[in-house]
$ cat run-v1.cif   # mmCIF, C-alpha atoms
data_upload
#
loop_
_atom_site.label_atom_id
_atom_site.label_comp_id
_atom_site.auth_asym_id
_atom_site.auth_seq_id
_atom_site.Cartn_x
_atom_site.Cartn_y
_atom_site.Cartn_z
CA MET A 71 61.88 131.86 63.12
CA GLN A 72 64.00 131.79 66.22
CA ALA A 73 66.54 129.02 66.24
CA GLU A 74 66.15 126.44 68.96
CA PRO A 75 68.97 126.36 71.50
CA SER A 76 71.51 123.68 70.86
CA THR A 77 71.47 120.65 73.10
CA PRO A 78 74.53 120.50 75.35
CA ALA A 79 76.81 117.55 74.88
CA VAL A 80 76.31 114.72 77.35
CA ARG A 81 79.31 114.37 79.62
CA ARG A 82 80.47 111.14 81.23
CA ASP A 83 82.56 112.88 83.88
CA PHE A 84 79.58 113.62 86.13
CA HIS A 85 80.26 115.52 89.32
CA PRO A 86 79.86 113.75 92.67
CA GLU A 87 77.01 116.00 93.79
CA PHE A 88 74.86 114.59 90.97
CA SER A 89 75.32 110.97 92.05
CA MET A 90 72.14 109.24 93.15
CA ASN A 91 73.94 107.02 95.69
CA SER A 92 77.34 106.48 97.20
CA TYR A 93 78.98 103.07 97.34
CA ARG A 94 82.02 101.59 99.03
CA VAL A 95 83.62 99.22 96.53
CA GLY A 96 85.72 96.17 97.31
CA ILE A 97 87.86 94.18 94.90
CA ALA A 98 88.51 90.46 95.31
CA GLY A 99 91.82 89.63 93.65
CA PHE A 100 94.60 91.97 92.59
CA GLY A 101 95.70 90.62 89.23
CA ALA A 102 95.56 92.47 85.92
CA ILE A 103 91.82 93.21 86.10
CA GLY A 104 91.72 93.95 89.81
CA GLN A 105 94.59 96.39 89.54
CA ALA A 106 93.05 98.18 86.56
CA VAL A 107 89.72 98.59 88.37
CA ALA A 108 91.50 99.77 91.52
CA GLN A 109 93.47 102.39 89.58
CA SER A 110 90.30 103.79 88.01
CA LEU A 111 88.54 103.99 91.37
CA ASP A 112 91.56 105.58 92.98
CA ALA A 113 91.71 108.17 90.18
CA GLY A 114 88.15 109.13 91.10
CA LEU A 115 84.70 107.91 90.05
CA PRO A 116 81.68 109.92 91.27
CA GLY A 117 79.91 108.30 94.19
CA LEU A 118 82.36 105.40 94.39
CA THR A 119 85.13 104.81 96.92
CA LEU A 120 87.67 102.00 96.86
CA ALA A 121 87.25 100.68 100.39
CA ALA A 122 89.04 97.34 100.45
CA VAL A 123 91.00 94.80 98.42
CA ALA A 124 91.06 91.07 99.21
CA VAL A 125 94.37 89.26 98.70
CA ARG A 126 95.72 85.89 99.77
CA ASP A 127 97.84 87.32 102.57
CA PRO A 128 96.79 90.78 103.78
CA LYS A 129 99.96 91.02 105.88
CA ALA A 130 102.02 90.77 102.67
CA ALA A 131 99.88 93.12 100.60
CA PRO A 132 101.51 94.62 97.51
CA ALA A 133 103.08 98.05 97.87
CA VAL A 134 100.94 100.53 95.95
CA THR A 135 101.05 104.32 95.77
CA TRP A 136 97.50 105.65 96.08
CA GLN A 137 96.14 109.06 95.07
CA GLN A 138 93.24 108.80 97.50
CA ALA A 139 93.05 107.17 100.92
CA ALA A 140 94.56 103.69 100.80
CA PRO A 141 92.03 100.84 100.88
CA ALA A 142 92.10 98.17 103.55
CA PHE A 143 93.73 94.89 102.55
CA THR A 144 91.75 91.96 103.86
CA THR A 145 90.73 88.36 103.21
CA ILE A 146 88.04 87.18 100.81
CA GLY A 147 85.81 86.07 103.67
CA GLU A 148 85.96 89.45 105.41
CA LEU A 149 85.68 91.65 102.30
CA ALA A 150 81.89 92.07 102.53
CA GLU A 151 82.23 93.75 105.92
CA HIS A 152 84.05 96.69 104.33
CA CYS A 153 81.94 97.22 101.20
CA ASP A 154 78.55 97.81 99.61
CA VAL A 155 79.65 96.43 96.23
CA VAL A 156 82.24 93.70 95.63
CA VAL A 157 83.97 93.16 92.28
CA GLU A 158 84.98 89.52 91.79
CA CYS A 159 88.37 89.23 90.06
CA ALA A 160 89.60 86.19 92.00
CA PRO A 161 90.22 82.60 90.85
CA ALA A 162 87.03 80.64 90.24
CA ALA A 163 88.07 78.17 92.96
CA VAL A 164 87.21 80.72 95.66
CA PHE A 165 84.02 81.97 94.01
CA ARG A 166 81.60 80.59 96.59
CA GLU A 167 83.75 81.58 99.55
CA LEU A 168 83.63 85.14 98.22
CA ALA A 169 80.03 85.28 97.02
CA GLU A 170 78.11 83.86 99.99
CA PRO A 171 78.93 86.52 102.60
CA VAL A 172 78.36 89.33 100.10
CA LEU A 173 74.91 88.10 99.06
CA LYS A 174 73.85 87.09 102.58
CA ALA A 175 74.58 90.66 103.62
CA GLY A 176 72.21 91.91 100.90
CA LYS A 177 74.98 93.57 98.94
CA LYS A 178 75.92 93.73 95.27
CA LEU A 179 78.36 91.30 93.64
CA VAL A 180 79.90 92.11 90.26
CA VAL A 181 80.76 88.72 88.74
CA LEU A 182 83.44 88.17 86.10
CA SER A 183 83.67 84.39 86.62
CA SER A 184 80.22 83.75 85.18
CA GLY A 185 81.30 80.18 84.46
CA ALA A 186 81.64 79.63 88.22
CA LEU A 187 78.15 81.06 88.67
CA LEU A 188 76.82 78.13 86.60
CA ARG A 189 78.33 75.70 89.10
CA HIS A 190 76.84 77.63 92.01
CA ASP A 191 73.54 78.78 90.56
CA ASP A 192 71.84 78.40 93.96
CA LEU A 193 73.52 81.70 94.79
CA ILE A 194 70.90 83.41 92.62
CA GLU A 195 68.21 82.25 95.02
CA LEU A 196 70.42 83.26 97.95
CA ALA A 197 70.63 86.77 96.51
CA ARG A 198 66.86 86.88 96.08
CA ARG A 199 66.21 85.84 99.69
CA HIS A 200 68.59 88.39 101.16
CA HIS A 201 67.87 91.22 98.70
CA GLY A 202 71.36 91.07 97.28
CA GLN A 203 72.14 91.41 93.59
CA ILE A 204 74.47 89.65 91.14
CA LEU A 205 75.69 91.88 88.30
CA VAL A 206 77.34 90.27 85.26
CA PRO A 207 79.24 92.84 83.15
CA SER A 208 79.59 92.44 79.41
CA GLY A 209 83.28 91.74 79.93
CA ALA A 210 85.04 90.98 76.67
CA ILE A 211 81.85 90.39 74.70
CA LEU A 212 79.34 92.72 73.03
CA GLY A 213 75.62 92.76 72.44
CA LEU A 214 74.31 91.43 75.74
CA ASP A 215 71.77 94.26 75.77
CA ALA A 216 70.40 93.15 72.39
CA ILE A 217 70.30 89.51 73.46
CA THR A 218 68.48 90.26 76.73
CA ALA A 219 65.97 92.36 74.78
CA ALA A 220 65.42 89.53 72.28
CA ALA A 221 64.94 87.12 75.19
CA GLU A 222 61.82 89.04 76.20
CA GLY A 223 60.35 87.40 73.10
CA VAL A 224 61.45 84.07 71.58
CA ILE A 225 65.06 83.35 70.64
CA HIS A 226 65.38 80.46 68.20
CA SER A 227 69.16 80.05 68.26
CA VAL A 228 72.38 81.57 69.58
CA THR A 229 75.76 80.54 68.17
CA MET A 230 79.07 81.89 69.39
CA ILE A 231 82.37 81.34 67.58
CA THR A 232 85.53 82.18 69.51
CA ARG A 233 88.99 82.40 67.93
CA LYS A 234 91.98 82.85 70.21
CA PRO A 235 95.77 83.03 69.94
CA VAL A 236 97.36 79.75 70.91
CA ARG A 237 99.09 81.20 73.99
CA GLY A 238 95.73 82.19 75.47
CA LEU A 239 94.47 78.57 75.41
CA LEU A 240 97.52 76.63 76.54
CA GLY A 241 96.95 74.65 79.73
CA ALA A 242 93.15 74.62 79.51
CA PRO A 243 91.79 71.53 81.33
CA TYR A 244 89.84 70.37 78.26
CA LEU A 245 93.03 70.27 76.19
CA VAL A 246 94.98 68.49 78.93
CA ASP A 247 92.25 65.92 79.64
CA ASN A 248 91.82 65.11 75.94
CA ASN A 249 95.54 65.16 75.08
CA ILE A 250 95.08 67.96 72.54
CA ASP A 251 98.42 69.59 71.73
CA ILE A 252 98.13 72.98 70.05
CA ALA A 253 101.56 74.38 70.91
CA ASP A 254 102.98 73.91 67.42
CA ILE A 255 99.94 74.19 65.17
CA THR A 256 100.46 76.21 61.98
CA GLU A 257 96.84 76.77 60.92
CA PRO A 258 93.51 77.40 62.68
CA ARG A 259 92.15 74.38 64.50
CA LEU A 260 88.68 73.73 65.91
CA ILE A 261 89.33 72.42 69.42
CA PHE A 262 85.83 72.44 70.91
CA ARG A 263 82.18 72.45 69.84
CA GLY A 264 79.50 72.14 72.46
CA SER A 265 77.66 74.17 75.07
CA PRO A 266 78.88 77.00 77.31
CA ARG A 267 78.15 74.80 80.32
CA GLU A 268 80.69 72.26 79.07
CA ALA A 269 83.15 75.00 78.12
CA ALA A 270 82.93 76.56 81.58
CA VAL A 271 84.47 73.36 82.96
CA GLY A 272 86.96 72.73 80.18
CA PHE A 273 88.10 76.33 79.68
CA PRO A 274 87.50 78.06 83.05
CA ALA A 275 89.97 80.90 82.40
CA ASN A 276 88.85 81.57 78.84
CA LEU A 277 85.13 81.35 78.17
CA ASN A 278 83.24 83.37 80.79
CA VAL A 279 82.07 85.46 77.83
CA ALA A 280 80.25 82.45 76.36
CA VAL A 281 78.49 81.83 79.67
CA SER A 282 77.44 85.48 79.84
CA VAL A 283 75.99 85.25 76.33
CA SER A 284 74.07 82.12 77.30
CA LEU A 285 72.69 83.68 80.51
CA ALA A 286 71.50 86.69 78.53
CA GLY A 287 69.75 84.49 75.96
CA ILE A 288 68.56 80.89 75.87
CA GLY A 289 70.70 79.36 78.59
CA PRO A 290 73.99 77.48 78.88
CA ASP A 291 72.69 74.21 77.43
CA ARG A 292 70.90 75.45 74.29
CA THR A 293 73.58 77.92 73.19
CA THR A 294 76.14 76.55 70.68
CA LEU A 295 79.82 77.39 71.12
CA GLU A 296 82.84 76.79 68.90
CA ILE A 297 86.41 77.45 70.05
CA TRP A 298 89.23 77.80 67.54
CA ALA A 299 92.95 78.04 68.25
CA ASP A 300 94.53 80.28 65.63
CA PRO A 301 98.33 80.78 65.52
CA SER A 302 97.96 83.78 63.21
CA LEU A 303 96.00 85.84 65.75
CA GLU A 304 97.23 88.42 68.25
CA ARG A 305 93.75 89.26 69.52
CA ASN A 306 90.78 87.31 70.84
CA ILE A 307 87.87 87.33 68.40
CA HIS A 308 84.29 86.55 69.42
CA ARG A 309 81.40 86.35 66.96
CA VAL A 310 77.81 85.91 68.11
CA GLU A 311 74.89 85.07 65.80
CA VAL A 312 71.31 85.32 67.07
CA THR A 313 67.99 84.44 65.44
CA SER A 314 64.79 85.45 67.23
CA ASP A 315 61.18 86.41 66.58
CA SER A 316 62.06 90.10 66.90
CA ALA A 317 65.39 90.35 65.08
CA SER A 318 68.25 88.42 63.56
CA PHE A 319 71.68 89.87 64.21
CA SER A 320 75.37 89.06 64.34
CA MET A 321 78.17 90.78 66.21
CA GLU A 322 81.95 90.46 66.25
CA ILE A 323 84.55 91.91 68.57
CA GLN A 324 88.35 91.73 68.44
CA ASN A 325 89.82 92.20 71.89
CA ILE A 326 93.26 93.50 72.71
CA PRO A 327 94.70 91.23 75.44
CA SER A 328 95.50 92.69 78.84
CA ALA A 329 98.65 91.86 80.80
CA ASN A 330 97.00 88.44 81.19
CA PRO A 331 96.76 86.94 77.65
CA LYS A 332 93.63 85.00 78.67
CA THR A 333 91.74 88.25 79.32
CA GLY A 334 90.81 91.17 77.07
CA ARG A 335 91.75 94.71 78.11
CA ILE A 336 88.13 95.79 77.71
CA THR A 337 87.07 93.48 80.56
CA ALA A 338 88.28 95.85 83.26
CA GLN A 339 86.69 98.77 81.42
CA SER A 340 83.41 96.86 81.39
CA VAL A 341 83.54 96.61 85.17
CA ILE A 342 84.12 100.35 85.45
CA ALA A 343 81.12 100.95 83.18
CA VAL A 344 78.92 98.82 85.46
CA LEU A 345 80.09 100.74 88.52
CA ARG A 346 79.42 104.09 86.82
CA LYS A 347 75.84 103.02 86.16
CA LEU A 348 75.28 102.52 89.90
CA THR A 349 75.68 106.22 90.65
CA GLY A 350 75.35 108.23 87.43
CA PRO A 351 72.26 110.31 86.58
CA LEU A 352 72.22 108.86 83.04
CA ARG A 353 72.23 105.19 82.19
CA VAL A 354 72.57 104.15 78.53
CA GLY A 355 71.78 100.64 77.36
CA THR A 356 69.32 97.96 78.41
#
$ encode --input "run-v1.cif" --output "structure tokens"
Amino acid sequence: MQAEPSTPAVRRDFHPEFSMNSYRVGIAGFGAIGQAVAQSLDAGLPGLTLAAVAVRDPKAAPAVTWQQAAPAFTTIGELAEHCDVVVECAPAAVFRELAEPVLKAGKKLVVLSSGALLRHDDLIELARRHHGQILVPSGAILGLDAITAAAEGVIHSVTMITRKPVRGLLGAPYLVDNNIDIADITEPRLIFRGSPREAAVGFPANLNVAVSVSLAGIGPDRTTLEIWADPSLERNIHRVEVTSDSASFSMEIQNIPSANPKTGRITAQSVIAVLRKLTGPLRVGT
């Protein structure tokens, strides 16, 4: 019997000519995540061009050496004019100022501050009216594809337990408002138990992952969240437990912090993965 030909390995470095579309990408904010995304785009991603970066003062833009053509530096309000897709890496305080013009123009907005999206959920309707789209990457969490699949049936419960190094939680509004001092703790301490909606207000720089889990599943009010400060940790640990009519599953991820201790290194890589899916001929995952 003649042997069947072997199947060629699937490559992720697809060539530009195979891209289904071409997109001009803009980045709002040039911190640790914004810079990492910009570097990947500048190094070359099929069908994607880094067109613009929004910073506080475009006239005092950071000096960067680019491999490709340098992007335009502009303001948050004018970013949509330069791009087809905007990646939000800016402080949550400017979320609406950034999002409205992008969605009104019928463009795509990649959202990392999903907690801010809860406070401005009317933007979802705005996107629908103007044929725009809000994309929420997995960020520093795992299993959103499984949760969204389970949500097509009935999810009975979702519990998320987050453990973080102390330095990544210092200064959180919830700790300040409730006079919770964790600077000198010597053992793990439960500092919050509630919903992702509450956590999005009390821990705006820390718990976008919990909001993303809730949006994928049973919502920000029915999802249960625990936050632990652990002085023995060097990495952020997130565990998610789901019970549904189709499956029961649990997942845990240990994230290596980026240059910003409040953010996992994998967050920027998650954004790149979302952008690749816009143009690649193969898309894996729900």
$ atom_distance --input "run-v1.cif" --atom1 "CA of His152 in chain A" --atom2 "CA of Ala121 in chain A"
6.5 Å
$ residues_around --input "run-v1.cif" --residues "range 184-194 of chain A" --least-positions-apart "2" --cutoff "8 Å" --atoms "all atoms listed in the file" --output "ChimeraX atom specification"
/A:162,165-166,169-170,173,181-182,196-198,204,206,267,270-271,274,277-279,281-282
$ closest_residue --input "run-v1.cif" --among "A:Ala163, A:Ala113, A:Ala98, A:Ala280" --to "Thr145 in chain A" --atoms "all atoms listed in the file"
A:Ala98
$ resolve_selection --input "run-v1.cif" --expression "the PyMOL selection byres ((chain A and resi 258) around 10)" --output "list in words"
Arg233, Lys234, Pro235, Val236, Ile252, Ile255, Thr256, Glu257, Arg259, Leu260, Ile261, Trp298, Ala299, Asp300, Pro301, Ser302 and Leu303 of chain A
$ atom_distance --input "run-v1.cif" --atom1 "CA of Gly101 in chain A" --atom2 "CA of Val125 in chain A"
9.7 Å
$ residues_around --input "run-v1.cif" --residues "Leu240 in chain A" --least-positions-apart "5" --cutoff "10 Å" --atoms "all atoms listed in the file" --output "number ranges by chain"
A: 235, 245-246, 250-253, 273, 299, 332
$ resolve_selection --input "run-v1.cif" --expression "the PyMOL selection byres ((chain A and resi 141) around 7)" --output "VMD selection string"
chain A and resid 120 to 123 139 to 140 142 to 143
$ residues_near_point --input "run-v1.cif" --point "(94.5, 89.3, 93.9)" --cutoff "10 Å" --atoms "only C-alpha atoms" --output "ChimeraX atom specification"
/A:97-105,123-127,131-132,146,158-161
$ atom_distance --input "run-v1.cif" --atom1 "CA of Asp315 in chain A" --atom2 "CA of Gly355 in chain A"
20.8 Å
$ residues_near_point --input "run-v1.cif" --point "(79.8, 75.9, 70.5)" --cutoff "7 Å" --atoms "all atoms listed in the file" --output "PyMOL selection string"
chain A and resi 229-231+262-266+294-297
$ resolve_selection --input "run-v1.cif" --expression "the PyMOL selection byres ((chain A and resi 226) around 10)" --output "ChimeraX atom specification"
/A:220-221,223-225,227-228,287-288,292-293,312-315,318
$ closest_residue --input "run-v1.cif" --among "A:Ser92, A:Thr135, A:Gln203, A:Thr218" --to "Ser316 in chain A" --atoms "all atoms listed in the file"
A:Thr218
$ closest_residue --input "run-v1.cif" --among "A:Lys129, A:His200, A:Arg94, A:Arg346" --to "Cys153 in chain A" --atoms "all atoms listed in the file"
A:Arg94
$ residues_around --input "run-v1.cif" --residues "Leu111 in chain A" --least-positions-apart "4" --cutoff "10 Å" --atoms "only C-alpha atoms" --output "list of chain:residue names"
A:Val95, A:Gln105, A:Ala106, A:Val107, A:Leu115, A:Pro116, A:Leu118, A:Thr119, A:Leu120, A:Ala121, A:Gln137, A:Gln138, A:Ile342, A:Leu345
